[in-house]
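One file, data-v8.txt, is given below (compact mmCIF, C-alpha atoms).
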```
# COMPACT_ATOMS: atom_id res chain seq x y z
CA MET A 1 5.00 -21.90 -88.06
CA ALA A 2 3.37 -20.62 -91.23
CA ASP A 3 -0.40 -20.72 -91.06
CA TYR A 4 -0.80 -23.98 -89.20
CA PRO A 5 -4.05 -25.01 -87.52
CA GLN A 6 -4.07 -23.82 -83.93
CA LYS A 7 -4.29 -27.36 -82.56
CA LEU A 8 -1.08 -28.27 -84.35
CA LYS A 9 0.62 -25.09 -83.13
CA ASP A 10 -0.35 -26.05 -79.59
CA VAL A 11 1.12 -29.54 -79.94
CA LEU A 12 4.35 -28.20 -81.42
CA ALA A 13 4.56 -25.67 -78.60
CA ASP A 14 4.20 -28.48 -76.04
CA PHE A 15 7.15 -30.28 -77.55
CA GLU A 16 9.29 -27.15 -77.42
CA PHE A 17 9.36 -27.51 -73.65
CA VAL A 18 10.66 -31.08 -73.73
CA THR A 19 14.13 -31.23 -72.25
CA THR A 20 14.98 -34.93 -72.12
CA ARG A 21 14.64 -37.92 -74.38
CA THR A 22 12.75 -39.77 -71.67
CA GLU A 23 10.23 -36.99 -71.33
CA ARG A 24 9.68 -36.86 -75.09
CA ALA A 25 9.27 -40.63 -75.29
CA GLU A 26 6.72 -40.67 -72.48
CA MET A 27 4.71 -37.88 -74.10
CA LEU A 28 4.68 -39.72 -77.41
CA VAL A 29 3.81 -43.05 -75.81
CA ASP A 30 0.84 -41.43 -74.11
CA ILE A 31 -0.23 -39.92 -77.43
CA ALA A 32 0.17 -43.28 -79.16
CA SER A 33 -2.10 -44.88 -76.56
CA ARG A 34 -4.96 -42.88 -78.08
CA PHE A 35 -4.43 -44.47 -81.48
CA GLU A 36 -7.51 -46.07 -82.99
CA PRO A 37 -7.16 -47.91 -86.27
CA VAL A 38 -9.26 -47.03 -89.29
CA PRO A 39 -12.91 -48.05 -88.75
CA GLU A 40 -14.41 -50.71 -90.95
CA HIS A 41 -16.81 -48.35 -92.68
CA ILE A 42 -13.74 -46.60 -94.13
CA ALA A 43 -11.53 -49.59 -94.95
CA THR A 44 -10.99 -53.26 -94.19
CA ARG A 45 -8.05 -55.54 -94.77
CA PRO A 46 -6.44 -56.12 -97.11
CA TYR A 47 -5.92 -52.38 -97.38
CA ALA A 48 -5.56 -50.81 -100.79
CA ILE A 49 -1.95 -50.40 -101.79
CA GLU A 50 -2.60 -46.85 -102.96
CA CYS A 51 -3.41 -45.94 -99.37
CA LYS A 52 -0.11 -47.23 -98.06
CA VAL A 53 2.30 -44.59 -96.81
CA PRO A 54 5.57 -45.09 -98.70
CA ALA A 55 8.81 -45.66 -96.84
CA CYS A 56 7.14 -46.19 -93.48
CA GLU A 57 8.87 -48.93 -91.52
CA SER A 58 5.71 -49.64 -89.55
CA GLU A 59 3.49 -50.23 -92.56
CA ALA A 60 1.12 -47.30 -92.18
CA TYR A 61 -1.91 -46.58 -94.32
CA MET A 62 -3.87 -43.32 -94.59
CA TRP A 63 -7.34 -42.37 -95.77
CA ALA A 64 -8.84 -38.90 -96.19
CA ASP A 65 -12.62 -38.78 -95.86
CA PRO A 66 -14.45 -35.62 -96.97
CA LEU A 67 -16.51 -33.93 -94.29
CA PRO A 68 -19.73 -31.96 -94.99
CA ASP A 69 -17.95 -28.63 -94.45
CA GLY A 70 -15.43 -29.44 -97.18
CA THR A 71 -12.56 -30.32 -94.84
CA LEU A 72 -11.07 -33.77 -94.43
CA LYS A 73 -11.06 -36.38 -91.69
CA PHE A 74 -7.87 -38.44 -91.65
CA TYR A 75 -7.79 -42.11 -90.71
CA PHE A 76 -4.79 -44.37 -90.27
CA ALA A 77 -3.83 -47.99 -89.90
CA VAL A 78 -0.45 -49.06 -88.53
CA GLU A 79 0.08 -52.72 -89.23
CA ASN A 80 3.19 -53.13 -87.09
CA PRO A 81 1.79 -53.43 -83.56
CA GLN A 82 5.13 -52.15 -82.25
CA GLY A 83 5.07 -49.12 -84.51
CA LEU A 84 4.43 -46.70 -81.67
CA SER A 85 6.08 -43.76 -83.41
CA ALA A 86 3.79 -44.16 -86.40
CA GLN A 87 0.79 -44.50 -84.10
CA ALA A 88 1.74 -41.32 -82.26
CA MET A 89 2.18 -39.48 -85.56
CA ALA A 90 -1.20 -40.72 -86.75
CA VAL A 91 -2.91 -39.46 -83.60
CA ILE A 92 -1.26 -36.05 -83.88
CA LEU A 93 -2.16 -35.69 -87.55
CA ASP A 94 -5.76 -36.71 -86.98
CA GLU A 95 -6.30 -34.65 -83.84
CA THR A 96 -4.71 -31.49 -85.23
CA LEU A 97 -5.53 -31.59 -88.93
CA SER A 98 -8.85 -33.40 -89.29
CA GLY A 99 -11.49 -30.75 -89.87
CA ALA A 100 -8.91 -28.00 -90.33
CA PRO A 101 -9.02 -25.62 -93.32
CA LEU A 102 -7.49 -27.35 -96.33
CA GLU A 103 -5.15 -24.45 -97.06
CA GLN A 104 -3.65 -24.80 -93.62
CA VAL A 105 -3.34 -28.58 -93.87
CA ALA A 106 -1.67 -28.25 -97.26
CA SER A 107 0.91 -25.88 -95.76
CA VAL A 108 2.09 -28.22 -93.00
CA SER A 109 5.73 -29.08 -93.46
CA PRO A 110 6.99 -32.65 -92.96
CA GLU A 111 9.68 -31.06 -90.82
CA ILE A 112 7.18 -31.02 -87.93
CA VAL A 113 8.41 -34.58 -87.43
CA LEU A 114 11.71 -33.18 -86.18
CA GLN A 115 9.96 -30.77 -83.85
CA ILE A 116 7.89 -33.61 -82.40
CA PHE A 117 10.37 -36.51 -82.36
CA GLY A 118 13.58 -34.53 -81.98
CA ASN A 119 16.39 -33.70 -84.36
CA ASP A 120 18.26 -36.88 -83.44
CA ILE A 121 15.61 -39.18 -84.89
CA SER A 122 17.18 -41.76 -87.18
CA MET A 123 17.05 -41.00 -90.89
CA GLY A 124 14.97 -44.03 -91.72
CA LYS A 125 12.41 -43.44 -88.98
CA GLY A 126 12.24 -39.74 -89.78
CA GLN A 127 11.66 -40.34 -93.47
CA GLY A 128 8.76 -42.67 -92.83
CA LEU A 129 7.07 -40.29 -90.42
CA MET A 130 7.55 -37.41 -92.85
CA GLU A 131 5.85 -39.46 -95.52
CA MET A 132 2.81 -39.71 -93.23
CA VAL A 133 2.71 -35.91 -93.11
CA ARG A 134 3.18 -35.72 -96.89
CA ALA A 135 0.30 -38.15 -97.39
CA VAL A 136 -2.00 -35.85 -95.45
CA GLN A 137 -0.63 -32.80 -97.23
CA THR A 138 -1.10 -34.38 -100.64
CA ASN A 139 -4.71 -35.22 -99.93
CA ALA A 140 -5.40 -31.68 -98.80
CA LYS A 141 -3.84 -30.26 -101.95
CA ARG A 142 -5.85 -32.64 -104.08
CA ALA A 143 -9.06 -31.63 -102.35
CA LEU A 144 -8.20 -27.96 -102.89
CA ALA A 145 -7.56 -28.59 -106.58
CA GLU A 146 -10.87 -30.36 -106.93
CA LYS A 147 -12.66 -27.46 -105.25
CA ALA A 148 -11.00 -24.99 -107.59
CA GLY A 149 -11.50 -27.07 -110.65
CA MET B 1 11.44 -74.92 -79.55
CA SER B 2 14.02 -77.07 -77.80
CA GLU B 3 16.09 -75.91 -74.90
CA ILE B 4 18.98 -73.71 -75.93
CA THR B 5 21.54 -76.23 -74.67
CA GLU B 6 20.04 -78.91 -76.89
CA ARG B 7 20.34 -77.00 -80.14
CA GLY B 8 23.96 -77.83 -80.81
CA TYR B 9 25.35 -74.30 -80.71
CA HIS B 10 29.03 -73.54 -80.59
CA LYS B 11 28.51 -71.19 -77.61
CA PRO B 12 25.07 -71.95 -76.20
CA GLU B 13 25.82 -69.89 -73.11
CA VAL B 14 25.55 -66.70 -75.18
CA LEU B 15 21.81 -67.19 -75.51
CA VAL B 16 19.47 -67.05 -72.54
CA SER B 17 15.81 -67.92 -72.44
CA THR B 18 13.00 -65.65 -71.36
CA GLN B 19 12.52 -67.88 -68.32
CA TRP B 20 16.17 -67.52 -67.37
CA VAL B 21 15.83 -63.74 -67.58
CA GLU B 22 12.71 -63.76 -65.44
CA ASP B 23 14.50 -65.96 -62.90
CA HIS B 24 17.34 -63.42 -62.75
CA LEU B 25 15.37 -60.18 -62.62
CA ASN B 26 16.76 -59.37 -59.20
CA ASP B 27 20.30 -60.57 -59.81
CA PRO B 28 22.60 -57.58 -59.13
CA ASN B 29 25.27 -59.07 -61.39
CA ILE B 30 22.97 -58.92 -64.43
CA ARG B 31 21.99 -55.85 -66.38
CA ILE B 32 19.18 -56.24 -68.90
CA ILE B 33 19.45 -53.91 -71.89
CA GLU B 34 16.72 -53.15 -74.38
CA SER B 35 17.58 -51.90 -77.87
CA ASN B 36 14.82 -51.30 -80.40
CA GLU B 37 14.11 -49.90 -83.81
CA ASP B 38 11.23 -47.79 -82.44
CA ALA B 39 12.60 -45.51 -79.75
CA LEU B 40 9.21 -45.33 -78.03
CA LEU B 41 8.93 -49.01 -77.24
CA TYR B 42 11.06 -48.96 -74.10
CA ALA B 43 9.05 -46.09 -72.65
CA SER B 44 5.83 -47.96 -73.37
CA GLY B 45 6.92 -50.83 -71.17
CA HIS B 46 9.99 -53.00 -70.68
CA ILE B 47 11.33 -55.87 -68.66
CA PRO B 48 11.55 -54.77 -65.01
CA GLY B 49 15.02 -53.46 -64.28
CA ALA B 50 15.96 -53.14 -67.95
CA VAL B 51 17.76 -50.06 -69.18
CA GLU B 52 17.60 -48.68 -72.68
CA VAL B 53 20.45 -48.36 -75.12
CA ASP B 54 19.27 -46.50 -78.19
CA TRP B 55 21.26 -47.52 -81.23
CA ALA B 56 21.11 -44.10 -82.82
CA SER B 57 21.75 -41.75 -79.92
CA ASP B 58 23.79 -43.96 -77.57
CA LEU B 59 26.00 -45.95 -79.93
CA ASN B 60 26.57 -43.73 -82.93
CA ASN B 61 28.92 -40.77 -83.23
CA PRO B 62 26.64 -37.78 -83.92
CA LEU B 63 29.07 -36.15 -86.32
CA ARG B 64 30.98 -38.85 -88.15
CA ARG B 65 29.54 -42.10 -89.39
CA ASP B 66 31.23 -44.12 -86.66
CA TYR B 67 30.56 -45.49 -83.22
CA LEU B 68 31.24 -44.03 -79.82
CA ASP B 69 34.85 -43.95 -78.68
CA GLN B 70 36.42 -45.43 -75.56
CA ARG B 71 35.67 -42.45 -73.35
CA GLU B 72 32.06 -42.29 -74.51
CA PHE B 73 31.64 -46.03 -74.02
CA GLU B 74 32.95 -45.71 -70.48
CA ALA B 75 30.45 -42.92 -69.84
CA LEU B 76 27.62 -45.04 -71.23
CA MET B 77 28.57 -48.06 -69.18
CA SER B 78 29.01 -45.97 -66.05
CA ARG B 79 25.54 -44.51 -66.58
CA LEU B 80 24.13 -48.02 -66.95
CA GLY B 81 25.70 -48.83 -63.61
CA VAL B 82 27.74 -51.79 -64.85
CA THR B 83 31.27 -53.07 -64.42
CA PRO B 84 33.33 -55.29 -66.71
CA GLN B 85 32.12 -58.20 -64.58
CA THR B 86 28.44 -57.46 -65.11
CA THR B 87 26.60 -59.88 -67.37
CA LEU B 88 24.71 -57.87 -69.95
CA VAL B 89 21.57 -59.37 -71.46
CA PHE B 90 20.40 -57.69 -74.67
CA TYR B 91 16.92 -57.94 -76.12
CA GLY B 92 14.70 -55.87 -78.38
CA ASP B 93 12.12 -55.72 -81.14
CA LYS B 94 12.43 -56.92 -84.73
CA ASN B 95 13.61 -60.37 -83.65
CA ASN B 96 16.57 -58.85 -81.83
CA TRP B 97 18.02 -56.96 -84.83
CA TRP B 98 19.04 -54.02 -82.69
CA ALA B 99 19.88 -56.16 -79.70
CA THR B 100 22.52 -58.02 -81.73
CA TYR B 101 23.66 -54.70 -83.17
CA ALA B 102 24.22 -53.31 -79.67
CA PHE B 103 25.84 -56.60 -78.65
CA TRP B 104 28.23 -56.29 -81.62
CA VAL B 105 29.15 -52.68 -80.78
CA PHE B 106 29.81 -53.68 -77.17
CA GLN B 107 32.19 -56.37 -78.48
CA LEU B 108 34.26 -53.66 -80.14
CA PHE B 109 35.17 -52.71 -76.57
CA GLY B 110 35.64 -56.27 -75.45
CA HIS B 111 32.76 -56.62 -73.03
CA GLU B 112 32.50 -60.33 -73.58
CA ASN B 113 30.21 -60.94 -70.64
CA ALA B 114 27.14 -60.48 -72.82
CA ARG B 115 24.10 -62.49 -73.80
CA ILE B 116 21.11 -62.26 -76.10
CA MET B 117 17.62 -63.10 -74.82
CA ASP B 118 16.28 -65.64 -77.29
CA GLY B 119 13.08 -64.46 -78.94
CA GLY B 120 13.47 -60.84 -77.91
CA ARG B 121 10.80 -58.46 -76.77
CA ASN B 122 8.00 -60.12 -78.69
CA LYS B 123 8.50 -63.48 -77.05
CA TRP B 124 8.66 -61.94 -73.58
CA GLN B 125 5.41 -60.09 -74.16
CA SER B 126 3.60 -62.96 -75.86
CA GLU B 127 4.41 -65.14 -72.87
CA GLY B 128 2.71 -62.64 -70.60
CA ARG B 129 5.84 -61.94 -68.59
CA PRO B 130 6.05 -58.83 -66.42
CA MET B 131 6.48 -55.42 -68.01
CA THR B 132 6.85 -52.04 -66.37
CA ARG B 133 7.13 -48.40 -67.38
CA GLU B 134 9.27 -47.68 -64.35
CA VAL B 135 12.75 -46.58 -65.38
CA PRO B 136 15.34 -47.99 -62.99
CA GLN B 137 17.99 -45.79 -61.45
CA TYR B 138 21.35 -47.45 -60.94
CA GLU B 139 24.27 -46.06 -59.04
CA PRO B 140 26.80 -44.84 -61.62
CA THR B 141 29.98 -46.84 -61.78
CA ASN B 142 33.49 -46.00 -62.88
CA TYR B 143 33.73 -48.34 -65.85
CA LYS B 144 37.14 -48.66 -67.43
CA ALA B 145 36.90 -49.88 -71.00
CA LEU B 146 39.44 -51.45 -73.27
CA PRO B 147 40.41 -49.29 -76.25
CA ARG B 148 38.04 -49.90 -79.11
CA ASP B 149 39.38 -52.62 -81.38
CA ASP B 150 37.66 -52.85 -84.76
CA ARG B 151 40.11 -55.28 -86.30
CA HIS B 152 38.49 -58.61 -85.63
CA ILE B 153 34.77 -58.08 -86.06
CA ARG B 154 34.38 -54.93 -88.13
CA ALA B 155 35.15 -54.47 -91.82
CA PHE B 156 35.74 -51.15 -93.53
CA ARG B 157 35.32 -50.20 -97.15
CA ASP B 158 38.92 -50.81 -98.27
CA GLN B 159 39.04 -54.14 -96.48
CA VAL B 160 35.85 -55.18 -98.22
CA TYR B 161 37.36 -54.21 -101.54
CA GLN B 162 40.45 -56.33 -100.80
CA HIS B 163 38.18 -59.15 -99.68
CA VAL B 164 36.37 -58.99 -103.03
CA GLN B 165 39.66 -58.91 -104.94
CA ALA B 166 40.73 -62.05 -103.08
CA ASN B 167 37.46 -63.79 -104.05
CA LEU B 168 36.52 -64.33 -100.45
CA PRO B 169 32.90 -64.88 -99.41
CA LEU B 170 30.41 -62.34 -98.15
CA VAL B 171 26.87 -62.78 -96.88
CA ASP B 172 24.32 -60.25 -98.08
CA VAL B 173 21.48 -60.53 -95.58
CA ARG B 174 19.06 -58.21 -97.37
CA SER B 175 15.96 -59.28 -99.23
CA PRO B 176 16.42 -61.13 -102.53
CA GLU B 177 15.04 -58.09 -104.36
CA GLU B 178 17.68 -55.82 -102.84
CA TYR B 179 20.39 -58.40 -103.53
CA ARG B 180 19.37 -58.59 -107.19
CA GLY B 181 19.24 -54.84 -107.48
CA GLU B 182 15.53 -54.77 -108.19
CA ARG B 183 15.04 -52.64 -105.10
CA LEU B 184 17.34 -50.14 -103.44
CA HIS B 185 15.79 -50.64 -100.01
CA MET B 186 13.69 -53.02 -97.94
CA PRO B 187 10.02 -53.11 -98.80
CA ASP B 188 8.19 -50.49 -96.73
CA TYR B 189 11.45 -48.89 -95.68
CA PRO B 190 12.78 -45.60 -97.00
CA ASN B 191 15.56 -45.44 -99.53
CA GLU B 192 18.40 -44.14 -97.45
CA GLY B 193 20.25 -42.87 -100.43
CA ALA B 194 21.76 -45.77 -102.38
CA LEU B 195 22.29 -44.67 -105.96
CA ARG B 196 22.96 -48.14 -107.28
CA GLY B 197 21.32 -51.53 -106.68
CA GLY B 198 22.81 -55.01 -106.64
CA HIS B 199 25.27 -56.76 -104.39
CA ILE B 200 28.96 -56.93 -103.62
CA PRO B 201 30.67 -59.50 -105.90
CA GLY B 202 31.18 -62.79 -104.12
CA ALA B 203 28.23 -62.31 -101.79
CA VAL B 204 25.67 -65.03 -101.29
CA ASN B 205 22.17 -63.97 -100.31
CA VAL B 206 20.87 -65.28 -97.03
CA PRO B 207 18.16 -62.98 -95.69
CA TRP B 208 18.72 -62.57 -91.98
CA SER B 209 15.24 -63.81 -91.10
CA LYS B 210 16.09 -67.31 -92.29
CA ALA B 211 18.04 -67.75 -89.06
CA VAL B 212 15.02 -67.38 -86.79
CA ASN B 213 11.78 -69.18 -86.12
CA PRO B 214 8.43 -67.37 -86.35
CA ASP B 215 8.62 -66.58 -82.63
CA GLY B 216 11.99 -64.90 -83.08
CA THR B 217 14.04 -67.64 -81.45
CA PHE B 218 17.15 -68.80 -83.24
CA LYS B 219 16.98 -72.01 -85.24
CA SER B 220 19.03 -75.01 -84.19
CA ALA B 221 22.65 -75.38 -85.26
CA GLU B 222 21.62 -78.21 -87.59
CA GLU B 223 19.07 -76.01 -89.33
CA LEU B 224 21.50 -73.10 -89.50
CA ARG B 225 24.22 -75.26 -91.02
CA ARG B 226 21.79 -76.41 -93.65
CA ILE B 227 21.02 -72.78 -94.50
CA TYR B 228 24.54 -71.38 -94.53
CA GLU B 229 26.67 -74.40 -95.40
CA GLU B 230 24.63 -76.89 -97.40
CA GLU B 231 22.63 -74.31 -99.32
CA GLN B 232 25.26 -71.59 -99.65
CA GLY B 233 28.55 -73.41 -99.36
CA LEU B 234 29.98 -71.38 -96.50
CA GLN B 235 32.59 -73.02 -94.30
CA PRO B 236 33.48 -72.28 -90.66
CA ASP B 237 37.17 -71.82 -91.42
CA GLU B 238 36.56 -69.15 -94.04
CA GLU B 239 37.02 -65.44 -93.67
CA ILE B 240 33.55 -63.96 -94.12
CA ILE B 241 32.05 -60.48 -94.19
CA THR B 242 28.36 -59.84 -93.57
CA TYR B 243 26.50 -56.74 -94.68
CA CYS B 244 23.02 -55.27 -95.19
CA ARG B 245 22.14 -51.54 -95.49
CA ILE B 246 23.69 -50.03 -92.34
CA GLY B 247 24.98 -53.08 -90.52
CA GLU B 248 22.06 -53.83 -88.25
CA ARG B 249 20.57 -56.90 -89.91
CA SER B 250 24.05 -58.14 -90.73
CA SER B 251 25.04 -57.96 -87.05
CA HIS B 252 22.27 -60.50 -86.48
CA THR B 253 23.86 -62.85 -89.01
CA TRP B 254 27.33 -62.09 -87.65
CA PHE B 255 26.05 -63.24 -84.25
CA VAL B 256 24.61 -66.43 -85.74
CA LEU B 257 27.78 -67.35 -87.61
CA LYS B 258 30.20 -66.50 -84.83
CA TYR B 259 28.45 -67.62 -81.67
CA LEU B 260 25.96 -70.20 -82.79
CA LEU B 261 27.99 -71.88 -85.53
CA GLY B 262 31.53 -71.11 -84.35
CA TYR B 263 32.86 -69.19 -87.34
CA GLU B 264 36.12 -67.67 -86.10
CA ARG B 265 36.69 -65.01 -88.75
CA VAL B 266 33.45 -63.12 -89.35
CA ARG B 267 33.33 -59.38 -89.65
CA ASN B 268 30.38 -57.06 -89.99
CA TYR B 269 30.61 -54.37 -92.67
CA ASP B 270 28.55 -51.61 -91.10
CA GLY B 271 29.03 -49.27 -94.04
CA SER B 272 27.01 -51.89 -95.88
CA TRP B 273 24.93 -50.99 -98.92
CA THR B 274 24.35 -47.35 -97.95
CA GLU B 275 28.10 -46.99 -98.45
CA TRP B 276 28.91 -49.52 -101.18
CA GLY B 277 25.86 -48.58 -103.25
CA ASN B 278 27.09 -44.99 -103.40
CA LEU B 279 30.80 -45.52 -103.88
CA VAL B 280 32.24 -44.43 -107.19
CA ASN B 281 33.73 -47.17 -109.33
CA VAL B 282 33.45 -50.17 -107.02
CA PRO B 283 32.33 -53.49 -108.50
CA ILE B 284 28.68 -54.42 -108.23
CA GLU B 285 26.86 -57.50 -109.43
CA ARG B 286 23.23 -58.21 -110.15
```

Whole structure, structure tokens version:
Amino acid sequence: MADYPQKLKDVLADFEFVTTRTERAEMLVDIASRFEPVPEHIATRPYAIECKVPACESEAYMWADPLPDGTLKFYFAVENPQGLSAQAMAVILDETLSGAPLEQVASVSPEIVLQIFGNDISMGKGQGLMEMVRAVQTNAKRALAEKAG
Amino acid sequence: MSEITERGYHKPEVLVSTQWVEDHLNDPNIRIIESNEDALLYASGHIPGAVEVDWASDLNNPLRRDYLDQREFEALMSRLGVTPQTTLVFYGDKNNWWATYAFWVFQLFGHENARIMDGGRNKWQSEGRPMTREVPQYEPTNYKALPRDDRHIRAFRDQVYQHVQANLPLVDVRSPEEYRGERLHMPDYPNEGALRGGHIPGAVNVPWSKAVNPDGTFKSAEELRRIYEEEQGLQPDEEIITYCRIGERSSHTWFVLKYLLGYERVRNYDGSWTEWGNLVNVPIER
């Protein structure tokens, strides 16, 4: 699992024990129920196009807000109210990567989508969720570059 | 929206209202089936008694780009606890995209006792009708299916090519931008690998969403004829092929043409643009 933040490792480990599709879906639905859209002090509609996650069927947006300790806090909006998969992904990314060391965030592979949602996720859905991970990863890399530069 | 029976459909009985479904929640001869784009929706809540058919894992062959075979369909139906006499009612998100897709796949096996719930999941929820997270358990049955017959409602690559050579009509149900080749995929959707943009020669562009009202219910036959016949010149006696990117949106239009407008010879090309847009040396127009 490379050098992932411990919270992410814990979540991935939880999903390793999933044995049925129903069980996985119920876990993800419960995670999605914790989704809170981006607060107004970060962004209001209409959201900036540059914050839109490409290729996401549920029209997700992402913001990375610098924290005093140099890490990032990640916020999301999911405009499709039925986009539960995107909401679940947003919660996982925020809860496991917000406040984590940038080097670790930058190392997270989009393939965690398969570990979380299962290898049989449809190509289209999988691509969109992976783009959410890439969006977070890209912001972490950018922040690292700015620190170095 | 007027009552379904007043909309002038060719086969109005194939559509049922949300009220009809609620009135039949406890009917043992009915099985309600939910099919969605987002696989988490069913688990988050569904119509009481509804079972889930996931388009990706339940209907598609995991190895080859094809659908389940006769034996696998029998296993699926047995698991759902249905018989050939059971009336299946499909519904789902995205204005019933995936519900009509599942409906179409089930027709490959000749289960004609099938309906679509007008308005889909959204309408049911917006009307405040009951939802549950309880997953029903039905006694497995011993369903005997007909052999899969793709001939009448499914079109394959070579057939589409012959169709084009014969200057026969197609309906491209994608967005105008995809049809014109300005985009390779739906806005906000991933590019699932089409190397070329444009449309199949002879195709008219009627985005699938033109067939539904804002609440997801199907438009009246009069409105649909205006869209497909007056505006696009299609005729009910023509041989028509519908397509999109993987055959899901086009199954929605296939349903409209066949059941609501009575087109006898409509086939869905499920290879659609993810196939045609990658084929070497086939004709493409922009």

Notebook entry, point to check: Any idea which chain A residues end up within 7 Å of chain B if we count all atoms listed in the file, as a list of chain:residue names please?
Noted result: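 Result: A:Ala25, A:Glu26, A:Val29, A:Pro54, A:Ala55, A:Cys56, A:Glu57, A:Glu59, A:Gly83, A:Leu84, A:Ser85, A:Asp120, A:Ser122, A:Gly124, A:Gln127, A:Gly128.
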
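The coordinates place atom CA of Gly92 of chain B at 14.3 Å from atom CA of Val212 of chain B.
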
Check: Quick one: of B:Val53, B:Ala155, B:Ala102, B:Leu80, who's nearest to Arg21 of chain A, counting all atoms listed in the file?
Finding: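 Nearest to Arg21 of chain A: B:Val53.
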
Margin query: Need the shell around Val78 of chain A: protein/DNA/RNA residues with any atom at most 9 Å away, counting only C-alpha atoms. Skip same-chain ones fewer than 6 positions apart. Format as a ChimeraX atom specification?
Written below: /A:37,58-61,84,86-87,90

Margin query: Rounded to one decimal, what separation in Å do you get between atom CA of Thr19 of chain A and atom CA of Ala75 of chain B?
Written below: 20.2 Å

Note to self: What's the separation between atom CA of Arg196 of chain B and atom CA of Gly277 of chain B, in Å to one decimal place?
What the structure shows: 5.0 Å

Check: Given the choices B:Ala114, B:Val89, B:Leu170, B:Leu257, which gets closest to Gly49 of chain B if the distance is worked out from all atoms listed in the file?
Finding: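 Looking only at the distances to Gly49 of chain B, the closest residue turns out to be B:Val89.
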
Next item on the list: Would you please work out which residue, of A:Gln137, A:Thr71, A:Thr20, A:Asn119, is nearest to Ala100 of chain A when using only C-alpha atoms?
Entry: A:Thr71

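Among the candidates B:Arg249, B:Arg151, B:His46, B:Lys144, the one nearest to Trp273 of chain B when counting all atoms listed in the file is B:Arg249.
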
Set out as a tab-separated table a contact list for segment 143-177 of chain B and segment 226-240 of chain B with a cut-off of 12 Å, giving each residue of segment 143-177 of chain B that qualifies its closest atom pair and distance in Å to one decimal, counting all atoms listed in the file, ordered by chain and rising residue number.
```
residue	atom	partner	partner_atom	distance
B:His152	CA	B:Glu239	CA	10.7
B:Ile153	CA	B:Ile240	CA	10.1
B:Arg154	CA	B:Ile240	CA	10.9
B:Ala155	CA	B:Ile240	CA	9.9
B:Gln159	CA	B:Ile240	CA	11.5
B:Val160	CA	B:Ile240	CA	10.0
B:His163	CA	B:Ile240	CA	8.7
B:Val164	CA	B:Ile240	CA	10.6
B:Ala166	CA	B:Glu239	CA	10.7
B:Asn167	CA	B:Glu239	CA	10.5
B:Leu168	CA	B:Glu239	CA	6.9
B:Pro169	CA	B:Ile240	CA	5.4
B:Leu170	CA	B:Ile240	CA	5.4
B:Val171	CA	B:Ile240	CA	7.3
B:Asp172	CA	B:Ile240	CA	10.7
B:Val173	CA	B:Tyr228	CA	11.3
```

Might you pull out every residue within 9 Å of Phe73 of chain B, with all atoms listed in the file counted and same-chain residues fewer than 3 positions away left off, and present them as a JSON list (two decimals) with C-alpha atoms, in the frame of the given file?
```json
[["chain", "number", "residue", "atom", "x", "y", "z"],
["B", 58, "ASP", "CA", 23.79, -43.96, -77.57],
["B", 59, "LEU", "CA", 26.00, -45.95, -79.93],
["B", 68, "LEU", "CA", 31.24, -44.03, -79.82],
["B", 69, "ASP", "CA", 34.85, -43.95, -78.68],
["B", 70, "GLN", "CA", 36.42, -45.43, -75.56],
["B", 76, "LEU", "CA", 27.62, -45.04, -71.23],
["B", 77, "MET", "CA", 28.57, -48.06, -69.18],
["B", 78, "SER", "CA", 29.01, -45.97, -66.05],
["B", 106, "PHE", "CA", 29.81, -53.68, -77.17],
["B", 109, "PHE", "CA", 35.17, -52.71, -76.57],
["B", 143, "TYR", "CA", 33.73, -48.34, -65.85],
["B", 144, "LYS", "CA", 37.14, -48.66, -67.43],
["B", 145, "ALA", "CA", 36.90, -49.88, -71.00]]
```

Item checked: Closest of B:Asn205, B:Thr132, B:Thr5, B:Gln19 to Arg286 of chain B - atom-to-atom distances counting only C-alpha atoms -> B:Asn205
